[in-house]
$ cat work.cif   # mmCIF, C-alpha atoms and all ligand atoms
data_final
loop_
_atom_site.label_atom_id
_atom_site.label_comp_id
_atom_site.auth_asym_id
_atom_site.auth_seq_id
_atom_site.Cartn_x
_atom_site.Cartn_y
_atom_site.Cartn_z
CA MET A 1 0.00 0.00 0.00
CA ARG A 2 1.33 3.39 -0.94
CA SER A 3 1.84 5.94 1.79
CA LYS A 4 -0.91 8.25 0.41
CA GLU A 5 -3.47 5.39 0.58
CA LYS A 6 -2.29 4.56 4.09
CA ASP A 7 -2.84 8.18 5.11
CA ARG A 8 -6.36 8.17 3.62
CA LEU A 9 -7.21 4.92 5.43
CA ALA A 10 -5.92 6.35 8.70
CA VAL A 11 -8.09 9.47 8.23
CA CYS A 12 -11.15 7.27 7.49
CA VAL A 13 -10.55 5.13 10.61
CA PHE A 14 -10.11 8.29 12.67
CA VAL A 15 -13.33 9.85 11.33
CA ILE A 16 -15.35 6.66 11.96
CA ALA A 17 -13.89 6.28 15.49
CA ALA A 18 -14.65 9.94 16.26
CA TYR A 19 -18.21 9.49 14.97
CA ILE A 20 -18.82 6.38 17.11
CA LEU A 21 -17.34 8.13 20.15
CA SER A 22 -19.47 11.25 19.74
CA VAL A 23 -22.67 9.19 19.29
CA SER A 24 -21.83 7.19 22.46
CA VAL A 25 -21.16 10.36 24.43
CA TYR A 26 -24.46 11.83 23.19
CA VAL A 27 -26.48 8.70 24.14
CA TYR A 28 -24.78 8.56 27.57
CA ALA A 29 -25.48 12.26 28.18
CA VAL A 30 -29.16 11.93 27.24
CA LYS A 31 -29.57 8.87 29.50
CA SER A 32 -27.88 10.65 32.43
CA LEU A 33 -30.08 13.70 31.93
CA GLU A 34 -33.18 11.51 31.91
CA ASN A 35 -32.17 10.12 35.32
CA PHE A 36 -31.66 13.65 36.64
CA VAL A 37 -34.88 15.19 35.38
CA SER A 38 -37.93 13.74 37.20
CA ARG A 39 -40.43 12.52 34.67
CA PRO A 40 -44.13 13.07 35.30
CA LEU A 41 -45.89 9.86 36.33
CA ALA A 42 -49.27 8.64 35.21
CA LEU A 43 -52.08 10.03 37.39
CA ASP A 44 -53.73 6.69 38.19
CA PRO A 45 -54.75 5.93 41.83
CA LEU A 46 -51.82 3.54 42.37
CA SER A 47 -49.18 6.07 41.25
CA TYR A 48 -50.92 8.74 43.31
CA ARG A 49 -50.78 6.50 46.40
CA ASP A 50 -47.07 5.81 45.66
CA ALA A 51 -46.41 9.55 45.59
CA MET A 52 -48.45 10.11 48.77
CA SER A 53 -46.44 7.41 50.57
CA ARG A 54 -43.59 9.96 50.55
CA LEU A 55 -45.69 12.27 52.70
CA ALA A 56 -45.29 11.72 56.46
CA GLY A 57 -48.66 11.88 58.22
CA HIS A 58 -49.56 11.88 61.90
CA VAL A 59 -51.64 8.86 62.92
CA HIS A 60 -54.98 9.47 64.67
CA ILE A 61 -58.06 7.54 65.67
CA VAL A 62 -61.24 9.38 64.75
CA THR A 63 -64.25 8.20 66.73
CA THR A 64 -67.96 8.77 67.00
CA ALA A 65 -70.96 7.37 68.87
CA GLU A 66 -74.66 7.22 68.12
CA GLY A 67 -76.91 5.57 70.71
CA SER A 68 -75.08 2.46 71.84
CA VAL A 69 -72.97 2.17 68.68
CA ARG A 70 -69.39 3.42 68.71
CA ARG A 71 -66.98 3.57 65.80
CA GLY A 72 -63.28 4.36 65.61
CA VAL A 73 -61.08 4.49 62.51
CA THR A 74 -57.30 4.89 62.21
CA ILE A 75 -56.63 7.81 59.88
CA THR A 76 -53.85 10.06 58.67
CA ALA A 77 -56.11 12.36 56.64
CA ALA A 78 -56.78 15.03 59.28
CA CYS A 79 -55.56 18.53 59.88
CA SER A 80 -56.27 21.85 61.50
CA VAL A 81 -58.43 24.30 59.54
CA SER A 82 -58.61 27.32 61.86
CA ASP A 83 -57.81 28.40 65.41
CA ASP A 84 -60.71 30.85 65.75
CA PRO A 85 -63.06 29.17 66.18
CA PRO A 86 -60.91 26.05 66.58
CA THR A 87 -61.78 23.83 63.63
CA VAL A 88 -60.34 20.59 62.25
CA LEU A 89 -61.12 18.36 59.30
CA VAL A 90 -60.97 14.61 58.76
CA CYS A 91 -61.42 12.56 55.57
CA LEU A 92 -63.21 9.22 55.63
CA ASN A 93 -63.63 6.68 52.88
CA LEU A 94 -67.15 6.72 51.42
CA ALA A 95 -66.80 3.17 50.13
CA ASN A 96 -66.99 1.85 53.70
CA PRO A 97 -70.70 1.89 54.76
CA ARG A 98 -69.63 1.73 58.43
CA ASN A 99 -68.34 5.29 58.09
CA ARG A 100 -71.88 6.64 57.56
CA ILE A 101 -72.36 6.84 61.31
CA PHE A 102 -70.01 9.84 61.43
CA VAL A 103 -72.33 12.04 59.37
CA GLU A 104 -75.43 10.59 61.07
CA SER A 105 -74.14 11.29 64.59
CA GLY A 106 -73.00 14.84 63.79
CA ARG A 107 -69.96 14.50 66.07
CA PHE A 108 -66.44 13.12 66.09
CA ALA A 109 -63.37 13.11 68.30
CA LEU A 110 -59.93 13.32 66.72
CA ASN A 111 -57.49 11.42 68.95
CA VAL A 112 -53.84 12.13 68.12
CA LEU A 113 -51.72 9.02 68.78
CA ALA A 114 -48.40 8.86 70.59
CA ALA A 115 -45.61 6.45 69.62
CA ASP A 116 -46.59 4.10 72.48
CA GLN A 117 -50.12 3.73 71.02
CA MET A 118 -49.18 1.89 67.80
CA ASP A 119 -51.09 -1.21 68.94
CA LEU A 120 -54.28 0.91 68.96
CA ALA A 121 -53.54 2.12 65.41
CA HIS A 122 -53.44 -1.55 64.34
CA VAL A 123 -56.68 -2.38 66.17
CA PHE A 124 -58.65 0.55 64.71
CA SER A 125 -57.36 0.01 61.17
CA GLY A 126 -58.97 -3.43 61.23
CA ARG A 127 -55.55 -5.03 60.69
CA ASP A 128 -55.99 -7.38 63.65
CA GLY A 129 -59.43 -8.57 62.49
CA ILE A 130 -61.13 -7.45 65.72
CA GLU A 131 -64.86 -6.68 65.37
CA PRO A 132 -65.53 -2.89 65.28
CA GLU A 133 -67.39 -2.62 68.62
CA LEU A 134 -64.84 -4.84 70.42
CA ARG A 135 -62.04 -2.48 69.34
CA PHE A 136 -62.98 -0.14 72.21
CA ASP A 137 -61.92 -2.88 74.66
CA TYR A 138 -58.41 -1.70 73.80
CA GLY A 139 -57.30 1.59 75.35
CA ASN A 140 -59.17 3.67 77.94
CA TRP A 141 -62.05 5.66 76.53
CA THR A 142 -63.99 8.50 78.03
CA THR A 143 -66.14 11.39 76.75
CA LEU A 144 -65.82 15.16 77.00
CA SER A 145 -68.57 17.34 75.52
CA THR A 146 -70.19 15.74 72.45
CA GLY A 147 -70.22 12.11 73.57
CA ALA A 148 -67.72 10.92 70.94
CA PRO A 149 -65.16 8.51 72.48
CA VAL A 150 -62.01 10.29 73.65
CA LEU A 151 -58.82 8.30 74.21
CA SER A 152 -57.20 8.81 77.60
CA ARG A 153 -53.50 9.53 77.21
CA ALA A 154 -53.79 10.61 73.55
CA LEU A 155 -51.16 13.22 72.68
CA ALA A 156 -54.11 15.52 72.11
CA ALA A 157 -57.84 14.99 71.61
CA PHE A 158 -60.27 17.31 69.82
CA ASP A 159 -63.94 16.68 70.56
CA CYS A 160 -65.96 18.14 67.70
CA GLU A 161 -69.42 18.97 66.50
CA ILE A 162 -69.68 18.50 62.72
CA ILE A 163 -70.43 21.89 61.16
CA ASP A 164 -70.06 20.92 57.51
CA SER A 165 -69.35 17.92 55.32
CA LYS A 166 -68.56 17.48 51.67
CA ALA A 167 -68.19 14.36 49.54
CA ILE A 168 -65.11 14.73 47.35
CA ALA A 169 -64.29 11.85 44.99
CA THR A 170 -63.85 8.70 47.14
CA HIS A 171 -63.90 10.47 50.52
CA MET A 172 -66.18 12.44 52.83
CA VAL A 173 -64.55 15.52 54.32
CA LEU A 174 -65.95 16.35 57.75
CA PHE A 175 -65.36 19.76 59.28
CA GLY A 176 -65.52 19.79 63.06
CA LYS A 177 -65.83 22.73 65.41
CA VAL A 178 -63.83 21.87 68.53
CA MET A 179 -66.13 21.87 71.57
CA ALA A 180 -63.62 20.46 74.07
CA MET A 181 -59.96 19.45 74.06
CA GLU A 182 -57.49 17.44 76.05
CA ILE A 183 -53.70 17.54 75.95
CA GLY A 184 -51.77 14.43 77.04
CA ASP A 185 -48.25 14.06 78.43
CA PRO A 186 -45.68 15.29 75.90
CA ARG A 187 -44.01 12.23 74.32
CA GLU A 188 -43.02 10.88 70.92
CA ALA A 189 -45.56 11.03 68.08
CA LEU A 190 -46.74 8.19 65.84
CA VAL A 191 -46.36 8.95 62.13
CA TYR A 192 -46.95 6.95 58.94
CA PHE A 193 -44.35 7.29 56.21
CA HIS A 194 -43.20 5.01 53.35
CA ARG A 195 -46.12 2.67 54.16
CA ASP A 196 -44.90 2.04 57.70
CA TYR A 197 -45.19 3.42 61.23
CA HIS A 198 -42.40 5.61 62.60
CA THR A 199 -41.88 7.63 65.75
CA LEU A 200 -40.93 11.25 65.87
C1 LIG B 1 -51.89 4.39 58.64
C2 LIG B 1 -53.32 4.32 58.15
C3 LIG B 1 -53.96 5.49 57.75
C4 LIG B 1 -55.28 5.46 57.30
N1 LIG B 1 -55.88 6.63 56.94
C5 LIG B 1 -57.18 6.63 56.59
C6 LIG B 1 -57.86 7.84 56.31
O1 LIG B 1 -57.27 8.93 56.36
N2 LIG B 1 -59.18 7.77 55.99
C7 LIG B 1 -59.85 6.59 55.91
O2 LIG B 1 -61.05 6.59 55.61
N3 LIG B 1 -59.23 5.41 56.17
C8 LIG B 1 -57.93 5.41 56.51
N4 LIG B 1 -57.30 4.22 56.80
C9 LIG B 1 -58.03 2.96 56.66
C10 LIG B 1 -58.92 2.67 57.85
O3 LIG B 1 -58.20 2.68 59.07
C11 LIG B 1 -59.58 1.30 57.66
O4 LIG B 1 -60.06 1.19 56.36
C12 LIG B 1 -60.74 1.13 58.54
O5 LIG B 1 -60.38 1.23 59.87
C13 LIG B 1 -61.36 -0.24 58.32
O6 LIG B 1 -62.48 -0.26 59.17
P1 LIG B 1 -63.48 -1.47 59.27
O7 LIG B 1 -62.66 -2.72 59.49
O8 LIG B 1 -64.30 -1.16 60.46
O9 LIG B 1 -64.29 -1.49 58.04
C14 LIG B 1 -55.97 4.22 57.24
C15 LIG B 1 -55.33 3.05 57.63
C16 LIG B 1 -54.02 3.09 58.08
C17 LIG B 1 -53.33 1.82 58.53
#

$ encode --input "work.cif" --output "structure tokens"
Amino acid sequence: MRSKEKDRLAVCVFVIAAYILSVSVYVYAVKSLENFVSRPLALDPLSYRDAMSRLAGHVHIVTTAEGSVRRGVTITAACSVSDDPPTVLVCLNLANPRNRIFVESGRFALNVLAADQMDLAHVFSGRDGIEPELRFDYGNWTTLSTGAPVLSRALAAFDCEIIDSKAIATHMVLFGKVMAMEIGDPREALVYFHRDYHTL
């Protein structure tokens, strides 16, 4: 092979190698960027619940009573609405017919759980398979103003009269005006995060 042909071949090899290298660098850069930039997820209920599992929520037991029937449900969907007049809200699943008693009774108590009350969170979430009325055999329950069951030694308890309610999608949002309150001993809180209980 003459030296001119050799030179041409060398240039061709160089150009092809440079091309392959630049394409590889480009593909690598795009892939890295994709990992950096968060892509929007589908808005189906499962993905939504996945995203919500990243939100730490305080664990409560919301209770009510009507006649001789009492009901308590472990919830995280609760928060303060206003301090004047003191008002809170809770969200309860409409698909569960047992939750109707909350609207019918017109009252609820929001019992804020401490870390040492995780066993009660299990009982009132139905996880242990205990019949609803028998769940009140666990913990010490009393009443304040409205007659809704109030947990002794809760971190805090808000005894409420329901002043408004609104069905939104799968849940009923209940707004409660606080009629009486109790504050328990200060100790660690029970929170739910990444689909598990934690203490704070
Ligand atoms: C950590 C945790 C948080 C929950 N949060 C809510 C909530 O905000 N609203 C709700 O309606 N149910 C919530 N649930 C589900 C109820 O606790 C459960 O469906 C209910 O207690 C079942 O009651 P039943 O066995 O009497 O039908 C939660 C459960 C757990 C374990």

$ residues_around --input "work.cif" --residues "stretch 69-73 of chain A" --least-positions-apart "6" --cutoff "7 Å" --atoms "all atoms listed in the file" --output "list in words"
Ile61, Val62, Thr63, Phe124, Ser125, Pro132 and Glu133 of chain A

$ residues_near_ligand --input "work.cif" --ligand "ligand LIG 1 (chain B)" --cutoff "9 Å" --atoms "only C-alpha atoms and all ligand atoms" --output "PDB file with C-alpha atoms, keeping the file's coordinate frame"
ATOM      1  CA  GLY A  57     -48.660  11.880  58.220  1.00  0.00           C
ATOM      2  CA  HIS A  58     -49.560  11.880  61.900  1.00  0.00           C
ATOM      3  CA  VAL A  59     -51.640   8.860  62.920  1.00  0.00           C
ATOM      4  CA  HIS A  60     -54.980   9.470  64.670  1.00  0.00           C
ATOM      5  CA  ILE A  61     -58.060   7.540  65.670  1.00  0.00           C
ATOM      6  CA  ARG A  71     -66.980   3.570  65.800  1.00  0.00           C
ATOM      7  CA  GLY A  72     -63.280   4.360  65.610  1.00  0.00           C
ATOM      8  CA  VAL A  73     -61.080   4.490  62.510  1.00  0.00           C
ATOM      9  CA  THR A  74     -57.300   4.890  62.210  1.00  0.00           C
ATOM     10  CA  ILE A  75     -56.630   7.810  59.880  1.00  0.00           C
ATOM     11  CA  THR A  76     -53.850  10.060  58.670  1.00  0.00           C
ATOM     12  CA  ALA A  77     -56.110  12.360  56.640  1.00  0.00           C
ATOM     13  CA  ALA A  78     -56.780  15.030  59.280  1.00  0.00           C
ATOM     14  CA  VAL A  90     -60.970  14.610  58.760  1.00  0.00           C
ATOM     15  CA  CYS A  91     -61.420  12.560  55.570  1.00  0.00           C
ATOM     16  CA  LEU A  92     -63.210   9.220  55.630  1.00  0.00           C
ATOM     17  CA  ASN A  93     -63.630   6.680  52.880  1.00  0.00           C
ATOM     18  CA  LEU A  94     -67.150   6.720  51.420  1.00  0.00           C
ATOM     19  CA  ALA A  95     -66.800   3.170  50.130  1.00  0.00           C
ATOM     20  CA  ASN A  96     -66.990   1.850  53.700  1.00  0.00           C
ATOM     21  CA  PRO A  97     -70.700   1.890  54.760  1.00  0.00           C
ATOM     22  CA  ARG A  98     -69.630   1.730  58.430  1.00  0.00           C
ATOM     23  CA  ASN A  99     -68.340   5.290  58.090  1.00  0.00           C
ATOM     24  CA  ALA A 121     -53.540   2.120  65.410  1.00  0.00           C
ATOM     25  CA  HIS A 122     -53.440  -1.550  64.340  1.00  0.00           C
ATOM     26  CA  VAL A 123     -56.680  -2.380  66.170  1.00  0.00           C
ATOM     27  CA  PHE A 124     -58.650   0.550  64.710  1.00  0.00           C
ATOM     28  CA  SER A 125     -57.360   0.010  61.170  1.00  0.00           C
ATOM     29  CA  GLY A 126     -58.970  -3.430  61.230  1.00  0.00           C
ATOM     30  CA  ARG A 127     -55.550  -5.030  60.690  1.00  0.00           C
ATOM     31  CA  GLY A 129     -59.430  -8.570  62.490  1.00  0.00           C
ATOM     32  CA  ILE A 130     -61.130  -7.450  65.720  1.00  0.00           C
ATOM     33  CA  GLU A 131     -64.860  -6.680  65.370  1.00  0.00           C
ATOM     34  CA  PRO A 132     -65.530  -2.890  65.280  1.00  0.00           C
ATOM     35  CA  GLU A 133     -67.390  -2.620  68.620  1.00  0.00           C
ATOM     36  CA  HIS A 171     -63.900  10.470  50.520  1.00  0.00           C
ATOM     37  CA  MET A 172     -66.180  12.440  52.830  1.00  0.00           C
ATOM     38  CA  VAL A 191     -46.360   8.950  62.130  1.00  0.00           C
ATOM     39  CA  TYR A 192     -46.950   6.950  58.940  1.00  0.00           C
ATOM     40  CA  PHE A 193     -44.350   7.290  56.210  1.00  0.00           C
ATOM     41  CA  ARG A 195     -46.120   2.670  54.160  1.00  0.00           C
ATOM     42  CA  ASP A 196     -44.900   2.040  57.700  1.00  0.00           C
ATOM     43  CA  TYR A 197     -45.190   3.420  61.230  1.00  0.00           C
TER      44      TYR A 197
END

$ residues_around --input "work.cif" --residues "A:Trp141" --least-positions-apart "3" --cutoff "7 Å" --atoms "all atoms listed in the file" --output "list in words"
Pro149, Val150, Leu151 and Ser152 of chain A

$ write_last_selection --input "work.cif" --atoms "C-alpha atoms" --output "compact mmCIF listing (two decimals), in the frame of the given file"
# COMPACT_ATOMS: atom_id res chain seq x y z
CA PRO A 149 -65.16 8.51 72.48
CA VAL A 150 -62.01 10.29 73.65
CA LEU A 151 -58.82 8.30 74.21
CA SER A 152 -57.20 8.81 77.60

$ atom_distance --input "work.cif" --atom1 "atom CA of A:Ser165" --atom2 "atom CA of A:Ala180"
19.8 Å

$ closest_residue --input "work.cif" --among "A:Leu200, A:Ala109, A:Cys12, A:Leu155" --to "A:Val178" --atoms "only C-alpha atoms"
A:Ala109

$ atom_distance --input "work.cif" --atom1 "atom CA of A:Glu188" --atom2 "atom CA of A:Asp116"
7.8 Å

$ atom_distance --input "work.cif" --atom1 "atom CA of A:His194" --atom2 "atom CA of A:Ser47"
13.5 Å

$ axis_aligned_box --input "work.cif" --around "stretch 169-187 of chain A" --padding-each-side "5 Å" --output "lines of an AutoDock Vina configuration file"
center_x = -55.1
center_y = 15.7
center_z = 61.7
size_x = 32.2
size_y = 24.0
size_z = 43.4

$ closest_residue --input "work.cif" --among "A:Arg107, A:His198, A:Arg187, A:Lys6" --to "A:Gly147" --atoms "all atoms listed in the file"
A:Arg107

$ residues_near_point --input "work.cif" --point "(-75.6, 14.4, 62.3)" --cutoff "12 Å" --atoms "all atoms listed in the file" --output "PDB file with C-alpha atoms, in the frame of the given file"
ATOM      1  CA  THR A  64     -67.960   8.770  67.000  1.00  0.00           C
ATOM      2  CA  ALA A  65     -70.960   7.370  68.870  1.00  0.00           C
ATOM      3  CA  GLU A  66     -74.660   7.220  68.120  1.00  0.00           C
ATOM      4  CA  ARG A 100     -71.880   6.640  57.560  1.00  0.00           C
ATOM      5  CA  ILE A 101     -72.360   6.840  61.310  1.00  0.00           C
ATOM      6  CA  PHE A 102     -70.010   9.840  61.430  1.00  0.00           C
ATOM      7  CA  VAL A 103     -72.330  12.040  59.370  1.00  0.00           C
ATOM      8  CA  GLU A 104     -75.430  10.590  61.070  1.00  0.00           C
ATOM      9  CA  SER A 105     -74.140  11.290  64.590  1.00  0.00           C
ATOM     10  CA  GLY A 106     -73.000  14.840  63.790  1.00  0.00           C
ATOM     11  CA  ARG A 107     -69.960  14.500  66.070  1.00  0.00           C
ATOM     12  CA  PHE A 108     -66.440  13.120  66.090  1.00  0.00           C
ATOM     13  CA  THR A 146     -70.190  15.740  72.450  1.00  0.00           C
ATOM     14  CA  CYS A 160     -65.960  18.140  67.700  1.00  0.00           C
ATOM     15  CA  GLU A 161     -69.420  18.970  66.500  1.00  0.00           C
ATOM     16  CA  ILE A 162     -69.680  18.500  62.720  1.00  0.00           C
ATOM     17  CA  ILE A 163     -70.430  21.890  61.160  1.00  0.00           C
ATOM     18  CA  ASP A 164     -70.060  20.920  57.510  1.00  0.00           C
ATOM     19  CA  SER A 165     -69.350  17.920  55.320  1.00  0.00           C
ATOM     20  CA  LEU A 174     -65.950  16.350  57.750  1.00  0.00           C
ATOM     21  CA  PHE A 175     -65.360  19.760  59.280  1.00  0.00           C
ATOM     22  CA  GLY A 176     -65.520  19.790  63.060  1.00  0.00           C
TER      23      GLY A 176
END

$ residues_around --input "work.cif" --residues "A:Ala157" --least-positions-apart "5" --cutoff "6 Å" --atoms "all atoms listed in the file" --output "PyMOL selection string"
chain A and resi 110-111+181-182
